[in-house]
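Okay, query06.cif is below, mmCIF, C-alpha atoms:
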```
data_query
#
loop_
_atom_site.label_atom_id
_atom_site.label_comp_id
_atom_site.auth_asym_id
_atom_site.auth_seq_id
_atom_site.Cartn_x
_atom_site.Cartn_y
_atom_site.Cartn_z
CA MET A 1 4.07 4.01 117.90
CA THR A 2 5.71 2.18 115.04
CA VAL A 3 5.05 3.25 111.53
CA GLY A 4 6.97 1.81 108.64
CA PRO A 5 7.32 3.90 105.52
CA THR A 6 6.01 2.39 102.34
CA ARG A 7 8.70 2.77 99.74
CA SER A 8 7.81 3.34 96.13
CA THR A 9 9.13 0.52 94.00
CA GLY A 10 11.38 0.81 91.01
CA ARG A 11 12.61 4.32 91.75
CA ARG A 12 15.37 5.47 94.00
CA PRO A 13 13.98 7.33 97.03
CA VAL A 14 14.56 11.07 97.25
CA ARG A 15 17.47 11.49 99.67
CA VAL A 16 17.11 14.26 102.25
CA VAL A 17 19.49 15.89 104.75
CA ILE A 18 17.75 17.78 107.57
CA ALA A 19 19.52 20.69 109.30
CA ASP A 20 17.83 22.27 112.32
CA ASP A 21 19.33 23.09 115.71
CA HIS A 22 16.00 22.63 117.50
CA THR A 23 16.04 18.98 118.54
CA LEU A 24 12.27 18.53 118.91
CA VAL A 25 11.53 19.96 115.46
CA ARG A 26 14.40 18.03 113.86
CA GLN A 27 13.14 14.74 115.35
CA SER A 28 9.61 15.44 114.10
CA LEU A 29 10.90 16.27 110.62
CA ILE A 30 12.95 13.06 110.44
CA LYS A 31 9.92 11.00 111.46
CA LEU A 32 7.66 12.80 109.00
CA VAL A 33 10.00 12.53 106.00
CA GLU A 34 10.93 8.92 106.77
CA ALA A 35 7.23 7.99 106.80
CA GLU A 36 6.60 9.60 103.43
CA PRO A 37 6.70 7.12 100.53
CA GLY A 38 9.57 7.81 98.17
CA PHE A 39 11.66 9.81 100.67
CA GLU A 40 14.63 8.83 102.80
CA VAL A 41 16.51 10.82 105.46
CA ILE A 42 20.23 10.15 104.97
CA GLY A 43 21.50 12.59 107.56
CA ASP A 44 20.61 15.23 110.11
CA VAL A 45 22.70 17.95 111.71
CA ASP A 46 22.16 20.57 114.40
CA ARG A 47 24.80 23.15 113.41
CA GLY A 48 25.23 25.27 110.33
CA ASP A 49 28.92 24.47 109.97
CA ALA A 50 28.17 20.72 109.85
CA VAL A 51 25.82 20.89 106.87
CA VAL A 52 28.35 21.18 104.05
CA ASP A 53 30.24 18.13 105.33
CA ALA A 54 26.99 16.10 105.67
CA VAL A 55 26.00 17.05 102.12
CA THR A 56 29.43 16.27 100.68
CA ARG A 57 29.40 12.83 102.34
CA GLY A 58 25.76 11.91 101.75
CA VAL A 59 25.08 13.56 98.36
CA PRO A 60 21.38 14.23 99.08
CA ASP A 61 18.81 15.37 96.53
CA ILE A 62 17.31 17.90 98.97
CA VAL A 63 18.69 19.81 101.96
CA LEU A 64 15.91 20.88 104.33
CA LEU A 65 17.60 23.85 105.93
CA ASP A 66 16.67 25.91 108.98
CA ILE A 67 17.87 29.52 108.67
CA SER A 68 18.66 30.31 112.30
CA MET A 69 21.45 27.95 113.34
CA PRO A 70 24.61 28.29 115.46
CA ASN A 71 28.05 28.88 113.92
CA LEU A 72 26.83 29.46 110.35
CA ASP A 73 23.28 30.55 109.49
CA GLY A 74 21.22 28.68 106.91
CA ILE A 75 21.57 31.37 104.26
CA GLU A 76 25.36 31.32 104.54
CA VAL A 77 25.22 27.51 104.38
CA ALA A 78 23.05 27.68 101.23
CA SER A 79 25.49 30.08 99.65
CA GLU A 80 28.36 27.65 100.34
CA LEU A 81 26.30 24.68 99.06
CA ARG A 82 25.61 26.51 95.81
CA ARG A 83 29.39 26.44 95.22
CA SER A 84 30.32 23.04 96.70
CA SER A 85 27.23 20.95 95.82
CA PRO A 86 25.28 22.79 93.12
CA GLU A 87 23.21 19.70 92.35
CA ALA A 88 21.68 19.64 95.86
CA ARG A 89 18.28 21.33 95.96
CA ILE A 90 17.73 23.65 98.91
CA LEU A 91 14.45 24.01 100.78
CA PHE A 92 14.48 26.57 103.60
CA LEU A 93 12.27 25.76 106.58
CA THR A 94 12.16 28.61 109.02
CA ALA A 95 10.33 30.66 111.59
CA HIS A 96 11.91 33.79 110.07
CA ASP A 97 9.67 35.45 107.54
CA ASP A 98 10.69 39.09 107.94
CA ASP A 99 11.40 40.93 104.69
CA ALA A 100 15.16 41.16 105.21
CA THR A 101 15.49 37.39 105.69
CA VAL A 102 13.17 36.57 102.79
CA ARG A 103 15.14 38.95 100.56
CA ARG A 104 18.46 37.30 101.52
CA ALA A 105 17.03 33.80 101.07
CA VAL A 106 15.47 34.55 97.70
CA GLY A 107 18.72 36.22 96.62
CA ILE A 108 20.63 32.96 97.22
CA GLY A 109 18.41 31.27 94.65
CA ALA A 110 16.97 28.60 96.96
CA ASP A 111 14.51 26.12 95.47
CA GLY A 112 11.90 26.58 98.17
CA TYR A 113 10.98 28.45 101.29
CA VAL A 114 8.44 26.95 103.68
CA SER A 115 7.33 28.46 106.96
CA LYS A 116 7.71 26.56 110.23
CA THR A 117 4.08 27.44 110.88
CA ALA A 118 3.09 25.42 107.79
CA SER A 119 1.00 22.28 108.05
CA THR A 120 2.44 18.82 107.43
CA GLY A 121 0.57 18.76 104.12
CA GLU A 122 2.21 21.99 102.98
CA LEU A 123 5.65 20.82 104.06
CA LEU A 124 5.27 17.53 102.17
CA GLN A 125 3.98 19.39 99.12
CA ALA A 126 7.08 21.60 99.28
CA LEU A 127 9.35 18.52 99.42
CA ARG A 128 7.56 16.84 96.49
CA THR A 129 7.62 20.02 94.40
CA VAL A 130 11.32 20.65 95.02
CA ALA A 131 12.14 16.95 94.47
CA ALA A 132 10.41 17.14 91.08
CA GLY A 133 12.60 20.09 90.09
CA GLY A 134 10.08 22.83 90.86
CA SER A 135 10.16 25.78 93.21
CA PHE A 136 7.95 26.21 96.28
CA LEU A 137 7.06 29.23 98.38
CA SER A 138 4.66 29.12 101.32
CA PRO A 139 1.66 31.34 100.49
CA SER A 140 2.58 33.84 103.25
CA ILE A 141 6.12 34.14 101.86
CA ALA A 142 4.93 34.32 98.24
CA ARG A 143 2.79 37.32 99.14
CA ARG A 144 5.85 39.09 100.62
CA VAL A 145 7.97 38.31 97.56
CA MET A 146 5.29 39.64 95.21
CA GLU A 147 5.07 42.84 97.26
CA MET A 148 8.83 43.21 97.04
CA ALA A 149 8.77 42.61 93.29
CA SER A 150 6.02 45.18 92.79
CA GLY A 151 7.91 47.70 94.93
CA ARG A 152 4.95 48.25 97.23
CA GLU A 153 6.86 47.33 100.39
CA ASP A 154 9.63 49.78 99.50
CA GLU A 155 7.43 52.86 99.21
CA PRO A 156 7.97 54.16 102.77
CA ALA A 157 11.69 53.38 102.51
CA ARG A 158 12.02 55.31 99.24
CA SER A 159 10.31 58.37 100.68
CA LEU A 160 12.68 58.59 103.69
CA THR A 161 15.49 61.09 103.17
CA GLU A 162 19.10 60.12 103.72
CA ARG A 163 19.14 62.06 107.01
CA GLU A 164 15.91 60.36 108.17
CA MET A 165 17.39 56.93 107.39
CA GLU A 166 20.49 57.86 109.37
CA ILE A 167 18.41 58.92 112.38
CA LEU A 168 16.18 55.83 112.14
CA ARG A 169 19.22 53.54 112.17
CA LEU A 170 20.64 55.28 115.24
CA ILE A 171 17.29 55.06 117.04
CA ALA A 172 17.27 51.33 116.22
CA THR A 173 20.55 50.94 118.10
CA GLY A 174 18.78 52.14 121.24
CA MET A 175 19.85 55.80 121.12
CA ARG A 176 17.55 58.50 122.50
CA PRO A 177 16.86 61.66 120.47
CA THR A 178 19.33 63.56 122.67
CA ASP A 179 22.07 60.99 121.88
CA VAL A 180 21.26 61.19 118.16
CA ALA A 181 21.41 64.99 118.26
CA GLU A 182 24.82 64.87 119.92
CA ARG A 183 26.13 62.26 117.46
CA LEU A 184 24.96 64.17 114.37
CA PHE A 185 25.71 67.66 115.68
CA LEU A 186 22.04 68.65 115.41
CA SER A 187 19.69 70.27 117.89
CA VAL A 188 17.31 67.97 119.76
CA LYS A 189 14.42 69.91 118.23
CA THR A 190 15.70 69.16 114.70
CA VAL A 191 16.01 65.45 115.50
CA LYS A 192 12.47 65.43 116.91
CA ASN A 193 11.19 67.14 113.75
CA HIS A 194 12.88 64.43 111.67
CA LEU A 195 11.33 61.77 113.89
CA THR A 196 7.86 63.26 113.39
CA SER A 197 8.41 63.07 109.63
CA ILE A 198 9.71 59.45 109.88
CA TYR A 199 6.69 58.38 111.94
CA ALA A 200 4.32 59.94 109.38
CA LYS A 201 6.03 58.24 106.43
CA LEU A 202 6.08 54.84 108.16
CA GLY A 203 2.55 55.25 109.48
CA VAL A 204 3.54 54.80 113.14
CA GLN A 205 3.21 56.78 116.38
CA THR A 206 6.22 55.84 118.52
CA ALA A 207 9.96 55.22 118.23
CA ALA A 208 9.45 51.54 119.14
CA GLN A 209 6.90 51.15 116.32
CA ALA A 210 9.25 52.92 113.90
CA VAL A 211 12.08 50.53 114.81
CA ALA A 212 9.80 47.51 114.42
CA GLU A 213 8.64 48.80 111.03
CA ALA A 214 12.24 49.47 109.99
CA TYR A 215 13.12 45.84 110.76
CA ARG A 216 10.03 44.57 108.94
CA LEU A 217 10.94 46.55 105.84
CA GLY A 218 14.59 45.49 106.05
CA LEU A 219 15.77 49.11 106.47
CA VAL A 220 17.86 47.98 109.44
CA THR A 221 19.16 44.52 110.25
CA THR A 222 20.36 42.81 113.40
CA GLN A 223 23.91 42.91 112.01
CA GLN A 224 23.68 46.70 111.62
CA GLU A 225 22.34 47.07 115.10
CA ARG A 226 25.13 45.13 116.84
CA MET B 1 20.63 49.06 123.67
CA SER B 2 18.05 50.42 126.12
CA GLU B 3 16.56 48.23 128.84
CA ALA B 4 13.21 48.21 127.03
CA GLN B 5 14.86 47.09 123.79
CA GLN B 6 16.80 44.42 125.66
CA VAL B 7 13.55 43.06 127.12
CA ARG B 8 11.92 43.08 123.66
CA ARG B 9 14.91 41.26 122.18
CA GLU B 10 14.76 38.61 124.91
CA LEU B 11 11.03 38.20 124.34
CA ALA B 12 11.56 37.82 120.56
CA ASP B 13 14.29 35.23 121.22
CA LEU B 14 12.03 33.32 123.59
CA LEU B 15 9.19 33.33 121.05
CA HIS B 16 11.51 32.15 118.28
CA ASP B 17 13.69 29.70 120.17
CA ARG B 18 11.07 28.08 122.35
CA VAL B 19 7.44 28.92 121.65
CA VAL B 20 7.48 28.66 117.84
CA GLN B 21 9.69 25.57 117.91
CA VAL B 22 7.58 23.72 120.47
CA LEU B 23 4.34 24.63 118.68
CA ALA B 24 5.83 23.55 115.33
CA HIS B 25 6.92 20.26 116.94
CA LEU B 26 3.49 19.69 118.50
CA ARG B 27 1.72 20.44 115.21
CA LEU B 28 3.97 18.05 113.24
CA GLU B 29 3.57 15.32 115.87
CA LEU B 30 -0.22 15.67 116.14
CA GLU B 31 -0.62 15.68 112.35
CA PHE B 32 1.66 12.62 112.22
CA VAL B 33 -0.64 10.82 114.66
CA GLU B 34 -3.61 11.82 112.50
CA ARG B 35 -1.93 10.46 109.36
CA HIS B 36 -0.16 7.38 110.71
CA GLY B 37 -1.63 6.76 114.17
CA GLY B 38 -2.84 3.20 113.61
CA ASP B 39 -5.17 1.21 115.90
CA ASP B 40 -3.01 0.70 118.97
CA VAL B 41 -4.96 2.74 121.54
CA GLU B 42 -2.34 2.30 124.29
CA ALA B 43 0.43 3.51 121.98
CA LEU B 44 -1.71 6.50 120.96
CA ARG B 45 -2.39 7.35 124.61
CA ALA B 46 1.32 7.18 125.44
CA GLU B 47 2.10 9.47 122.50
CA LEU B 48 -0.55 11.98 123.57
CA ARG B 49 0.81 11.93 127.15
CA ARG B 50 4.29 12.69 125.80
CA LEU B 51 2.98 15.60 123.73
CA SER B 52 0.96 16.88 126.67
CA THR B 53 4.11 16.93 128.83
CA THR B 54 5.94 18.89 126.12
CA ALA B 55 3.09 21.42 125.92
CA ALA B 56 3.04 21.77 129.72
CA GLY B 57 6.78 22.48 129.76
CA ALA B 58 6.37 25.20 127.12
CA LEU B 59 3.46 26.76 129.04
CA GLU B 60 5.64 26.89 132.14
CA GLU B 61 8.39 28.69 130.22
CA VAL B 62 5.94 31.23 128.76
CA ARG B 63 4.49 31.85 132.23
CA ASP B 64 7.99 32.44 133.68
CA ALA B 65 8.81 34.82 130.81
CA MET B 66 5.58 36.78 131.37
CA GLU B 67 6.49 37.10 135.04
CA GLU B 68 9.95 38.40 134.12
CA LEU B 69 8.42 40.92 131.71
CA ARG B 70 6.04 42.16 134.39
CA GLU B 71 8.98 42.54 136.79
CA ALA B 72 10.99 44.43 134.15
CA SER B 73 8.12 46.82 133.39
CA ARG B 74 7.65 47.83 137.06
#
```
Represent the supplied structure as structure tokens.
Amino acid sequence: MTVGPTRSTGRRPVRVVIADDHTLVRQSLIKLVEAEPGFEVIGDVDRGDAVVDAVTRGVPDIVLLDISMPNLDGIEVASELRRSSPEARILFLTAHDDDATVRRAVGIGADGYVSKTASTGELLQALRTVAAGGSFLSPSIARRVMEMASGREDEPARSLTEREMEILRLIATGMRPTDVAERLFLSVKTVKNHLTSIYAKLGVQTAAQAVAEAYRLGLVTTQQER
Amino acid sequence: MSEAQQVRRELADLLHDRVVQVLAHLRLELEFVERHGGDDVEALRAELRRLSTTAAGALEEVRDAMEELREASR
């Protein structure tokens, strides 16, 4: 199928660099952006550590940036771009919408954050908004950010004691209550009492659910676990 | 990391690295056809065949992963 983009006349097209290590998605994005009037793809890369070079060479208006990439993740890339190419606008496109990732991405000061589950229409709206100097958040992400801002998502985290947080983090590394007890010089019964309290505060019934909830709330991260 | 956590991690990686990516690709491609498909029926058929093959490959991977999970839970 051949589809030629219709360029807007009289104005320079918005120049886009696309960074995504998933080849199928990257190819679809290139095709989609190229077909959109007023947009031009000037480069695409499949590794985080290649983005800064592509941006320095191509001087794009927008970098459409996947977060999960080999060698350097998208958030680290964005942080570097903020220093090396502050004029480039950054639009995250990602399958990651857990609180910890959203918090890191928002903290970088990106210009937009659009979910990989978004429709073509939403993605193009994000590109147009960011190109025009605005900010864009997918509705699902915006809801998370508002919850964070209002402090609602932090309520369970705030009510956990320091000892409970310590135990939760150890459980998230795969330790059993007996291992945790040994590590912290506590009795197994004491650890189990703490766990009962943790489950109640997080509104869960099992250790696996507690760990999942801890990740969702950003109380533990993959980096901490490894 | 316990065996159960390892299995969950592998499942999360599979969902992120394959399932979400292939579904995102298929959605973008199908919406592209809807927007820019044109009148060339043969070209449209060829495109749909290509997307169907991609979907079949992803289904196969998900089926293999489900089998592995069943094995691991025995």
Q) Of the candidates A:Ala172, A:Ile62, A:Leu217, A:Leu93, which shows the shortest atom-to-atom distance to Gly134 of chain A, using only C-alpha atoms? A)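 Answer, going by the shortest atom-to-atom distance: A:Ile62.
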Q. Closest to chain B among A:Glu76, A:Glu182, A:Glu122, A:Glu166, using all atoms listed in the file?
A.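 Nearest candidate to chain B out of A:Glu76, A:Glu182, A:Glu122, A:Glu166: A:Glu122.
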**Q.** Nearest candidate to chain A (options B:Met66, B:Leu51, B:Leu44, B:Val7; using all atoms listed in the file)
**A.**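 Among B:Met66, B:Leu51, B:Leu44, B:Val7, it is B:Leu44 that comes nearest to chain A.
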Q | Spatial neighbours of Ala46 of chain B, max dist 12 Å, only C-alpha atoms, sep filter under 6 positions, as a list in words | A | Met1 of chain A; Val33, Gly37, Asp40, Ser52 and Thr53 of chain B
Q) Quick one: of B:Asp17, B:Glu71, B:Glu3, B:Asp64, who's nearest to Thr94 of chain A, counting only C-alpha atoms? A) B:Asp17
Q: Counting all atoms listed in the file, collect the residues of chain A whose closest atom lies at most 7 Å from chain B, and write them out as a VMD selection string.
A: chain A and resid 1 3 22 24 to 25 28 32 95 116 to 117 120 173 to 174
Q) For the point (9.6, 24.9, 101.0) in file coordinates, what residues are within 8 Å, counting only C-alpha atoms? Give the answer as a list in words? A)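 Result, sorted by chain then residue number: Leu91, Phe92, Leu93, Asp111, Gly112, Tyr113, Val114, Ser115, Leu123, Ala126, Leu127, Val130, Ser135, Phe136, Leu137 and Ser138 of chain A.
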Could you take the residues named above and write them with C-alpha atoms, as a PDB file, in the coordinates of the input?
```pdb
ATOM      1  CA  LEU A  91      14.450  24.010 100.780  1.00  0.00           C
ATOM      2  CA  PHE A  92      14.480  26.570 103.600  1.00  0.00           C
ATOM      3  CA  LEU A  93      12.270  25.760 106.580  1.00  0.00           C
ATOM      4  CA  ASP A 111      14.510  26.120  95.470  1.00  0.00           C
ATOM      5  CA  GLY A 112      11.900  26.580  98.170  1.00  0.00           C
ATOM      6  CA  TYR A 113      10.980  28.450 101.290  1.00  0.00           C
ATOM      7  CA  VAL A 114       8.440  26.950 103.680  1.00  0.00           C
ATOM      8  CA  SER A 115       7.330  28.460 106.960  1.00  0.00           C
ATOM      9  CA  LEU A 123       5.650  20.820 104.060  1.00  0.00           C
ATOM     10  CA  ALA A 126       7.080  21.600  99.280  1.00  0.00           C
ATOM     11  CA  LEU A 127       9.350  18.520  99.420  1.00  0.00           C
ATOM     12  CA  VAL A 130      11.320  20.650  95.020  1.00  0.00           C
ATOM     13  CA  SER A 135      10.160  25.780  93.210  1.00  0.00           C
ATOM     14  CA  PHE A 136       7.950  26.210  96.280  1.00  0.00           C
ATOM     15  CA  LEU A 137       7.060  29.230  98.380  1.00  0.00           C
ATOM     16  CA  SER A 138       4.660  29.120 101.320  1.00  0.00           C
TER      17      SER A 138
END
```
Emit as AutoDock Vina command-line options the padded axis-aligned box for all listed atoms of segment 45-60 of chain B, 5 Å per side, with centre and edge lengths in Å to one decimal.
```
--center_x 2.2 --center_y 17.0 --center_z 127.3 --size_x 19.2 --size_y 29.7 --size_z 19.6
```
Q. When the PyMOL selection byres ((chain A and resi 50) around 12) is applied to the file above, which residues end up in the set, as a VMD selection string?
A. chain A and resid 17 to 21 43 to 49 51 to 57 65 69 to 74 77 80 to 81
Q: Record the distance separating atom CA of Asp99 of chain A and atom CA of Thr129 of chain A, expressed in Å with one decimal.
A: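 Computed distance, atom CA of Asp99 of chain A to atom CA of Thr129 of chain A, equals 23.6 Å.
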Q: Give the answer as one residue: which of A:Val59, A:Ile90, A:Leu170, A:Val145 has the shortest atom-to-atom distance to Val102 of chain A, using only C-alpha atoms?
A: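 With only C-alpha atoms as the atom set, the closest residue is A:Val145.
Separating atom CA of Lys192 of chain A from atom CA of Ala100 of chain A is a distance of 27.1 Å.
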Q: Choose the residue, out of A:Arg216, A:Leu64, A:Arg82, A:Arg89, that has the smallest atom-to-atom separation from Ala132 of chain A; count only C-alpha atoms.
A: A:Arg89
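Taking atom CA of Ala200 of chain A and atom CA of Arg183 of chain A as the two end points, the separation is 23.4 Å.
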